[in-house]
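Participant: Structure file input32.txt (compact mmCIF, C-alpha atoms) right here:
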```
# COMPACT_ATOMS: atom_id res chain seq x y z
CA MET A 126 14.42 -2.11 -49.62
CA THR A 127 11.62 -2.05 -52.21
CA LYS A 128 9.34 0.95 -52.62
CA ARG A 129 6.38 -1.15 -51.45
CA ARG A 130 8.14 -2.11 -48.16
CA LEU A 131 9.28 1.48 -47.62
CA LEU A 132 5.70 2.72 -48.10
CA LEU A 133 4.38 0.08 -45.66
CA LEU A 134 6.97 1.05 -43.02
CA THR A 135 6.08 4.73 -43.45
CA LEU A 136 2.40 3.96 -42.87
CA LEU A 137 3.00 1.72 -39.82
CA LEU A 138 5.59 3.90 -38.03
CA PRO A 139 3.07 6.26 -36.34
CA VAL A 140 1.10 3.23 -35.09
CA LEU A 141 4.23 1.52 -33.72
CA LEU A 142 5.30 4.69 -31.92
CA THR A 143 1.83 5.03 -30.40
CA VAL A 144 1.86 1.45 -29.09
CA THR A 145 5.35 1.48 -27.63
CA THR A 146 5.29 4.94 -26.00
CA PRO A 147 5.18 4.68 -22.16
CA ALA A 148 1.97 5.87 -20.49
CA PHE A 149 3.60 8.89 -18.85
CA ALA A 150 6.08 9.88 -21.58
CA GLY A 151 3.98 12.89 -22.53
CA HIS A 152 4.06 14.42 -19.07
CA ARG A 153 6.29 17.45 -18.63
CA GLY A 154 8.06 15.88 -15.67
CA SER A 155 10.85 13.33 -15.93
CA TRP A 156 11.58 10.16 -14.01
CA THR A 157 13.54 10.87 -10.80
CA SER A 158 15.41 8.05 -9.07
CA ILE A 159 15.00 7.60 -5.32
CA GLN A 160 18.45 6.83 -3.96
CA TYR A 161 18.58 3.78 -1.68
CA SER A 162 20.18 0.37 -1.53
CA ASP A 163 18.16 -2.34 -3.28
CA VAL A 164 16.27 -4.14 -0.56
CA CYS A 165 14.47 -7.38 0.20
CA ILE A 166 11.27 -7.18 2.28
CA GLY A 167 8.78 -9.67 3.69
CA GLY A 168 9.01 -13.36 4.52
CA ASP A 169 11.18 -15.12 7.08
CA ARG A 170 14.48 -13.98 5.54
CA CYS A 171 13.82 -10.27 5.09
CA GLY A 172 10.74 -9.10 7.04
CA GLY A 173 9.39 -5.59 7.44
CA ARG A 174 8.45 -3.16 4.70
CA LEU A 175 10.17 -0.45 2.66
CA GLU A 176 9.58 3.29 3.23
CA LEU A 177 11.24 5.79 0.88
CA PRO A 178 11.16 9.59 1.36
CA LEU A 179 9.42 11.72 -1.26
CA ALA A 180 10.01 15.31 -2.29
CA ASP A 181 7.55 18.01 -1.25
CA ALA A 182 5.57 17.79 -4.48
CA PRO A 183 2.61 15.90 -5.94
CA VAL A 184 3.42 12.52 -7.49
CA VAL A 185 2.30 11.69 -11.03
CA ALA A 186 3.67 8.15 -11.43
CA VAL A 187 5.76 5.49 -9.69
CA ARG A 188 7.98 2.95 -11.43
CA PHE A 189 10.12 0.14 -9.99
CA TYR A 190 11.54 -3.30 -10.71
CA ALA A 191 10.66 -6.18 -8.38
CA HIS A 192 11.24 -9.93 -8.28
CA ASP A 193 10.47 -12.91 -6.06
CA ASP A 194 13.60 -15.00 -6.73
CA VAL A 195 14.39 -15.42 -3.02
CA GLY A 196 13.84 -18.55 -0.95
CA ASN A 197 11.75 -21.59 -1.84
CA LYS A 198 8.32 -19.91 -1.98
CA HIS A 199 7.29 -17.73 -4.92
CA ARG A 200 4.00 -16.09 -4.08
CA ALA A 201 4.99 -12.56 -3.08
CA HIS A 202 2.36 -9.82 -3.29
CA LEU A 203 2.89 -6.13 -2.50
CA ARG A 204 0.76 -3.13 -1.65
CA VAL A 205 2.11 0.31 -2.65
CA SER A 206 0.95 3.51 -0.96
CA ILE A 207 1.88 7.13 -0.44
CA ASP A 208 1.48 7.77 3.27
CA GLY A 209 -2.01 6.33 3.91
CA ASP A 210 -3.26 6.49 0.31
CA VAL A 211 -3.06 3.19 -1.58
CA ILE A 212 -2.06 3.42 -5.25
CA ALA A 213 -1.83 -0.36 -5.83
CA TYR A 214 -3.74 -2.70 -3.53
CA ASP A 215 -2.30 -6.06 -4.61
CA LEU A 216 0.64 -6.51 -7.02
CA ASP A 217 1.62 -10.06 -7.92
CA ILE A 218 5.45 -10.14 -7.90
CA LYS A 219 6.85 -12.68 -10.35
CA ARG A 220 9.87 -14.86 -9.65
CA ASP A 221 11.69 -13.72 -12.80
CA GLY A 222 10.83 -10.07 -12.11
CA ARG A 223 9.25 -7.23 -14.06
CA VAL A 224 8.93 -3.45 -14.12
CA HIS A 225 5.76 -2.07 -12.53
CA GLU A 226 4.51 1.38 -13.50
CA LEU A 227 1.72 2.89 -11.38
CA ASP A 228 -0.56 5.87 -11.91
CA ALA A 229 -0.32 8.13 -8.85
CA ARG A 230 -1.84 11.36 -10.15
CA GLY A 231 -3.41 13.44 -7.39
CA TYR A 232 -1.39 11.94 -4.54
CA ALA A 233 1.20 13.65 -2.37
CA GLY A 234 2.91 12.66 0.87
CA ARG A 235 6.12 12.17 2.80
CA CYS A 236 6.81 8.48 2.10
CA LEU A 237 6.39 5.91 -0.64
CA VAL A 238 5.60 2.66 1.17
CA PHE A 239 5.91 -0.95 -0.06
CA THR A 240 4.09 -3.44 2.18
CA PRO A 241 4.25 -7.26 1.82
CA LEU A 242 0.84 -8.93 1.74
CA THR A 243 2.08 -12.52 2.06
CA ASN A 244 4.74 -14.20 4.17
CA ASP A 245 7.17 -14.26 1.26
CA GLU A 246 10.23 -12.28 0.24
CA ALA A 247 10.29 -9.70 -2.56
CA VAL A 248 13.24 -7.64 -3.85
CA ILE A 249 12.56 -4.03 -4.90
CA GLU A 250 15.03 -2.16 -7.12
CA GLU A 251 15.34 0.99 -9.23
CA VAL A 252 12.46 2.99 -7.75
CA GLU A 253 11.62 6.12 -9.74
CA VAL A 254 8.86 8.73 -9.58
CA ILE A 255 7.54 11.54 -11.76
CA TYR A 256 6.77 14.66 -9.72
CA GLY A 257 4.22 17.27 -10.72
CA ARG A 258 4.36 21.02 -10.23
CA ARG A 259 5.32 22.10 -6.72
CA HIS A 260 3.65 25.52 -6.65
CA GLY A 261 -0.07 26.08 -6.40
CA TYR A 262 -0.85 22.39 -6.01
CA LYS A 263 -4.00 21.50 -4.12
CA PRO A 264 -4.83 17.78 -3.87
CA ASP A 265 -8.30 17.02 -5.17
CA ARG A 266 -9.83 13.56 -5.00
CA ARG A 267 -11.54 14.23 -8.34
CA ASP A 268 -8.08 14.11 -9.94
CA ARG A 269 -7.44 10.63 -8.60
CA PRO A 270 -8.16 7.52 -10.64
CA TYR A 271 -11.34 5.73 -9.55
CA ARG A 272 -10.69 2.45 -7.78
CA PRO A 273 -13.79 0.34 -7.15
CA ALA A 274 -13.71 -1.89 -4.08
CA THR A 275 -13.36 -5.10 -6.06
CA ASP A 276 -11.85 -6.82 -3.04
CA GLY A 277 -14.72 -5.83 -0.74
CA PRO A 278 -18.34 -7.02 -0.49
CA GLY A 279 -19.74 -4.11 -2.50
CA TYR A 280 -20.23 -1.43 0.15
CA GLY A 281 -18.00 1.25 -1.38
CA ASP A 282 -14.30 2.08 -1.28
CA TRP A 283 -11.74 1.29 1.38
CA ARG A 284 -11.07 4.59 3.14
CA PRO A 285 -8.04 5.45 5.27
CA VAL A 286 -8.64 6.60 8.83
CA ARG A 287 -6.47 9.70 9.15
CA ARG A 288 -4.06 10.23 12.03
CA ALA A 289 -4.72 6.79 13.50
CA GLY A 290 -2.22 4.13 14.53
CA GLY A 291 0.92 3.69 16.59
CA CYS A 292 2.80 1.43 18.99
CA PHE A 293 1.16 0.22 22.20
CA GLY A 294 1.61 -2.45 24.87
CA GLY A 295 4.74 -4.07 26.34
CA GLU A 296 7.58 -2.41 28.17
CA LEU A 297 8.58 0.02 25.40
CA CYS A 298 5.12 1.23 24.35
CA GLY A 299 3.13 0.49 27.51
CA HIS A 300 3.07 4.20 28.37
CA GLN A 301 0.60 4.49 25.45
CA GLY A 302 -1.59 1.89 27.16
CA ASP A 303 -2.42 -1.71 26.28
CA ASP A 304 -4.89 -0.77 23.57
CA LEU A 305 -5.30 1.54 20.60
CA VAL A 306 -8.67 3.30 20.29
CA VAL A 307 -9.72 4.68 16.90
CA ARG A 308 -12.71 7.02 16.72
CA LEU A 309 -15.20 6.35 13.92
CA SER A 310 -18.25 8.21 12.63
CA GLY A 311 -21.03 5.81 13.65
CA ALA A 312 -21.77 4.75 10.05
CA PRO A 313 -22.36 1.03 9.30
CA LEU A 314 -19.01 -0.75 9.16
CA HIS A 315 -18.45 -3.76 6.91
CA GLY A 316 -14.69 -4.29 7.00
CA VAL A 317 -11.44 -3.27 8.72
CA ARG A 318 -8.01 -3.51 7.15
CA PHE A 319 -4.66 -2.55 8.69
CA TYR A 320 -0.92 -3.20 8.69
CA ALA A 321 0.61 -4.53 11.92
CA HIS A 322 4.01 -5.78 13.06
CA ASP A 323 5.80 -6.92 16.19
CA ALA A 324 9.31 -5.69 15.29
CA VAL A 325 9.72 -3.68 18.51
CA GLY A 326 11.78 -4.89 21.43
CA GLN A 327 13.28 -8.34 21.96
CA LYS A 328 10.12 -10.43 22.33
CA SER A 329 8.01 -11.55 19.37
CA GLY A 330 4.75 -12.72 20.86
CA GLY A 331 2.37 -9.96 19.85
CA ARG A 332 -1.32 -10.90 19.80
CA LEU A 333 -4.35 -8.68 19.31
CA ARG A 334 -8.06 -8.70 20.04
CA VAL A 335 -10.10 -6.35 17.85
CA ARG A 336 -13.43 -4.89 18.94
CA VAL A 337 -16.01 -2.60 17.36
CA ASP A 338 -17.58 -0.76 20.28
CA GLY A 339 -18.44 -3.69 22.61
CA LYS A 340 -18.48 -6.48 20.01
CA VAL A 341 -15.40 -8.62 19.38
CA ILE A 342 -14.69 -9.15 15.65
CA GLU A 343 -11.35 -10.96 16.16
CA TYR A 344 -10.60 -12.78 19.43
CA ASP A 345 -6.92 -13.66 18.98
CA LEU A 346 -4.82 -12.38 16.07
CA ASP A 347 -1.17 -13.49 15.88
CA ILE A 348 0.98 -10.52 14.84
CA LYS A 349 4.20 -11.50 13.07
CA ARG A 350 7.50 -9.74 13.64
CA ALA A 351 7.91 -9.37 9.87
CA GLY A 352 4.51 -7.67 9.67
CA GLY A 353 1.57 -8.07 7.37
CA VAL A 354 -1.78 -6.68 6.24
CA TYR A 355 -4.82 -8.01 8.11
CA GLU A 356 -8.38 -7.75 6.80
CA LEU A 357 -11.41 -8.42 9.00
CA ASP A 358 -15.11 -8.69 8.12
CA VAL A 359 -17.59 -6.67 10.17
CA PRO A 360 -21.34 -7.48 10.00
CA GLY A 361 -22.60 -3.97 9.25
CA LEU A 362 -22.28 -2.64 12.79
CA ARG A 363 -22.73 1.05 13.46
CA ALA A 364 -19.33 1.87 14.88
CA ARG A 365 -17.99 4.75 16.94
CA ARG A 366 -14.93 3.06 18.45
CA LEU A 367 -12.53 0.57 16.85
CA VAL A 368 -10.32 -0.94 19.57
CA PHE A 369 -7.09 -2.95 19.17
CA GLU A 370 -6.17 -4.65 22.47
CA THR A 371 -2.92 -6.49 23.24
CA LEU A 372 -3.32 -9.98 24.71
CA SER A 373 0.34 -10.45 25.66
CA HIS A 374 2.84 -8.21 27.39
CA ASP A 375 4.50 -7.32 24.09
CA GLU A 376 4.68 -4.28 21.85
CA VAL A 377 2.54 -4.14 18.70
CA VAL A 378 2.48 -1.48 15.97
CA VAL A 379 -0.76 -0.91 14.03
CA GLU A 380 -0.70 1.44 11.02
CA ASP A 381 -2.45 2.22 7.72
CA ILE A 382 -5.93 1.58 9.13
CA GLU A 383 -8.71 1.48 6.53
CA VAL A 384 -12.44 0.88 6.84
CA LEU A 385 -15.08 -0.33 4.41
CA SER A 386 -18.16 1.76 5.06
CA GLY A 387 -20.61 4.19 3.54
CA GLY A 388 -19.67 6.85 6.08
CA ARG A 389 -16.89 9.45 6.12
CA TYR A 390 -13.87 9.28 8.48
```
Re-express the file's structure as structure tokens.
Facilitator:
Amino acid sequence: MTKRRLLLLTLLLPVLLTVTTPAFAGHRGSWTSIQYSDVCIGGDRCGGRLELPLADAPVVAVRFYAHDDVGNKHRAHLRVSIDGDVIAYDLDIKRDGRVHELDARGYAGRCLVFTPLTNDEAVIEEVEVIYGRRHGYKPDRRDRPYRPATDGPGYGDWRPVRRAGGCFGGELCGHQGDDLVVRLSGAPLHGVRFYAHDAVGQKSGGRLRVRVDGKVIEYDLDIKRAGGVYELDVPGLRARRLVFETLSHDEVVVEDIEVLSGGRY
């Protein structure tokens, strides 16, 4: 190697190291694998979603490999959340697969949740997380990365409704009633988003009507056994009660309810 090439390599090496260093390599924590069998979710072949238990510690980052090389369709999209807090709203999963690395600083919870957004299969493998310090940790929303509501009509951020959701209707969940009532603050409501599935019991005919106070915003919503995320527009109604009502004698599970509003929930 000539002296000129050696000098050029010496000058470029710090730049190359800066470019190729992973985003979270400087953090004191290390990547920890979550032990589970690689799994396919979503679509007609796989269905459902993936929930993985987390340690009792704040999460700094999430990393996993995913591909869409299952079946004839190749349009899988995933949402990733920690309990009810979304850390990636819409990930496009490629057929040939890739590693996704997500910033999760400021989040903590019991489960890491992967939810299919389309009726298509996706395979998730090699899930890893970086945990932060366990002691003295107090979650603070100011530590969380800002996520503008780019998928909403400009009224603010999607906000989770805490301690809301569950199974209702049918023979197995009928003791909870035939509807799910969620209390809201009375602020103007512009959108409702939630995950729902019909994977309870033997029948798969779940249908929902959704009301805001006395106004129907969705008359007849077909809930798939494999589950999915449903997003509904609301014309700025001041809302105190969000009601999910079963239209068939079948169990339905509604979870991860979020609202698009200027108010607090």
Participant: Select, from A:Arg220, A:Arg188, A:Arg287, A:Lys340, the residue with the minimum atom-to-atom distance to A:His202, counting all atoms listed in the file.
Facilitator: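 Residue with the minimum atom-to-atom distance to A:His202: A:Arg220.
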Participant: Between atom CA of A:Val354 and atom CA of A:Glu380, what is the distance in Å, rounded to a tenth?
Facilitator: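 The value is 9.5 Å.
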Participant: Just checking: using all atoms listed in the file, which residue out of A:Val341, A:Ile382, A:Ala364, A:Leu297 ends up closest to A:Ala321?
Facilitator: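 For A:Ala321, the nearest of the given residues is A:Ile382.
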Participant: Under the rule that only C-alpha atoms are counted, which of A:Arg332, A:Arg284, A:Arg366, A:His322 is the nearest residue to A:Lys349?
Facilitator: A:His322
Participant: Between A:Leu242, A:Leu314, A:Ala182, A:Val252, which one has atoms that come closest to A:Ser162, using all atoms listed in the file?
Facilitator: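 Smallest separation from A:Ser162 among the options: A:Val252.
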Participant: What's around A:Leu203 at 8 Å? Count only C-alpha atoms, leave out sequence neighbours fewer than 4 positions away in its own chain, and write the answer as a list in words.
Facilitator: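 Residues near the query, excluding close chain neighbours: Tyr214, Asp215, Leu216, Asp217, Ile218, Phe239, Thr240, Pro241, Leu242 and Thr243 of chain A.
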Participant: Tell me which residues come within 8 Å of (4.2, 9.6, -1.9), as an NGL selection string, counting all atoms listed in the file in the file's coordinates.
Facilitator: :A and (178-179 or 183-184 or 206-208 or 232-238)
Participant: Up to 9 Å from (3.1, -3.5, 25.5) in the file's coordinates: name the residues, counting all atoms listed in the file, as a CSV table (one decimal) with C-alpha atoms, in the frame of the given file.
Facilitator:
```csv
chain,number,residue,atom,x,y,z
A,292,CYS,CA,2.8,1.4,19.0
A,293,PHE,CA,1.2,0.2,22.2
A,294,GLY,CA,1.6,-2.4,24.9
A,295,GLY,CA,4.7,-4.1,26.3
A,296,GLU,CA,7.6,-2.4,28.2
A,297,LEU,CA,8.6,0.0,25.4
A,298,CYS,CA,5.1,1.2,24.4
A,299,GLY,CA,3.1,0.5,27.5
A,300,HIS,CA,3.1,4.2,28.4
A,301,GLN,CA,0.6,4.5,25.4
A,302,GLY,CA,-1.6,1.9,27.2
A,303,ASP,CA,-2.4,-1.7,26.3
A,304,ASP,CA,-4.9,-0.8,23.6
A,331,GLY,CA,2.4,-10.0,19.8
A,371,THR,CA,-2.9,-6.5,23.2
A,373,SER,CA,0.3,-10.4,25.7
A,374,HIS,CA,2.8,-8.2,27.4
A,375,ASP,CA,4.5,-7.3,24.1
A,376,GLU,CA,4.7,-4.3,21.8
A,377,VAL,CA,2.5,-4.1,18.7
```
Participant: Enter the distance from atom CA of A:Tyr161 to atom CA of A:His192, in Å, rounded to one decimal.
Facilitator: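 Atom-to-atom, atom CA of A:Tyr161 and atom CA of A:His192 are spaced 16.9 Å apart.
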Participant: Can you list, as an NGL selection string, every protein, DNA or RNA residue that comes within 10 Å of A:Val337 when you count all atoms listed in the file, leaving out same-chain residues fewer than 3 positions away?
Facilitator: :A and (306-307 or 309 or 314 or 317 or 340-343 or 359 or 362-369)
Participant: Please write out, as AutoDock Vina command-line options, where the centre of an axis-aligned box around all listed atoms of stretch 153-171 of chain A lies and how long its edges are, in Å to one decimal, after adding 3 Å on each side.
Facilitator:
```
--center_x 13.2 --center_y 1.2 --center_z -5.8 --size_x 19.9 --size_y 38.6 --size_z 31.7
```
Participant: Taking 5 positions as the minimum chain separation for residues in the same chain, which residues sit within 10 Å of A:Tyr256 when counting all atoms listed in the file? Answer as JSON, numbers by chain.
Facilitator: {"A": [152, 153, 154, 155, 156, 157, 179, 180, 181, 182, 183, 184, 185, 186, 187, 229, 230, 233]}
Participant: Quick one: pull the distance between atom CA of A:Leu346 and atom CA of A:Gly291, Å, one decimal.
Facilitator: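 Atom CA of A:Gly291 lies 17.1 Å from atom CA of A:Leu346.
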Participant: Between A:Val378, A:Ile348, A:Leu175, A:Leu385, which is the closest to A:Ala289 once you count only C-alpha atoms?
Facilitator: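 Answer, going by the shortest atom-to-atom distance: A:Val378.
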Participant: From the set A:Gly172, A:Gly361, A:Gly316, A:Gly222, which residue has the shortest atom-to-atom contact distance to A:Val335, counting only C-alpha atoms?
Facilitator: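 Comparing A:Gly172, A:Gly361, A:Gly316, A:Gly222 against A:Val335, the winner is A:Gly316.
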Participant: Residues near A:Asp163, anyone? I mean within 12 Å using all atoms listed in the file, not counting same-chain ones fewer than 3 positions away, as an mmCIF file with C-alpha atoms, in the frame of the given file.
Facilitator:
```cif
data_model
loop_
_atom_site.group_PDB
_atom_site.id
_atom_site.type_symbol
_atom_site.label_atom_id
_atom_site.label_comp_id
_atom_site.auth_asym_id
_atom_site.auth_seq_id
_atom_site.Cartn_x
_atom_site.Cartn_y
_atom_site.Cartn_z
ATOM 1 C CA ILE A 159 15.000 7.600 -5.320
ATOM 2 C CA GLN A 160 18.450 6.830 -3.960
ATOM 3 C CA ILE A 166 11.270 -7.180 2.280
ATOM 4 C CA LEU A 175 10.170 -0.450 2.660
ATOM 5 C CA LEU A 177 11.240 5.790 0.880
ATOM 6 C CA PHE A 189 10.120 0.140 -9.990
ATOM 7 C CA TYR A 190 11.540 -3.300 -10.710
ATOM 8 C CA ALA A 191 10.660 -6.180 -8.380
ATOM 9 C CA HIS A 192 11.240 -9.930 -8.280
ATOM 10 C CA ALA A 247 10.290 -9.700 -2.560
ATOM 11 C CA VAL A 248 13.240 -7.640 -3.850
ATOM 12 C CA ILE A 249 12.560 -4.030 -4.900
ATOM 13 C CA GLU A 250 15.030 -2.160 -7.120
ATOM 14 C CA GLU A 251 15.340 0.990 -9.230
ATOM 15 C CA VAL A 252 12.460 2.990 -7.750
#
```
Participant: For A:Asn197, find every residue with an atom within 10 Å (counting all atoms listed in the file), except residues of its own chain fewer than 3 positions away, and show them as a list in words.
Facilitator: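 These residues fall inside the cut-off: Asp193, Asp194, Arg200, Asp245 and Glu246 of chain A.
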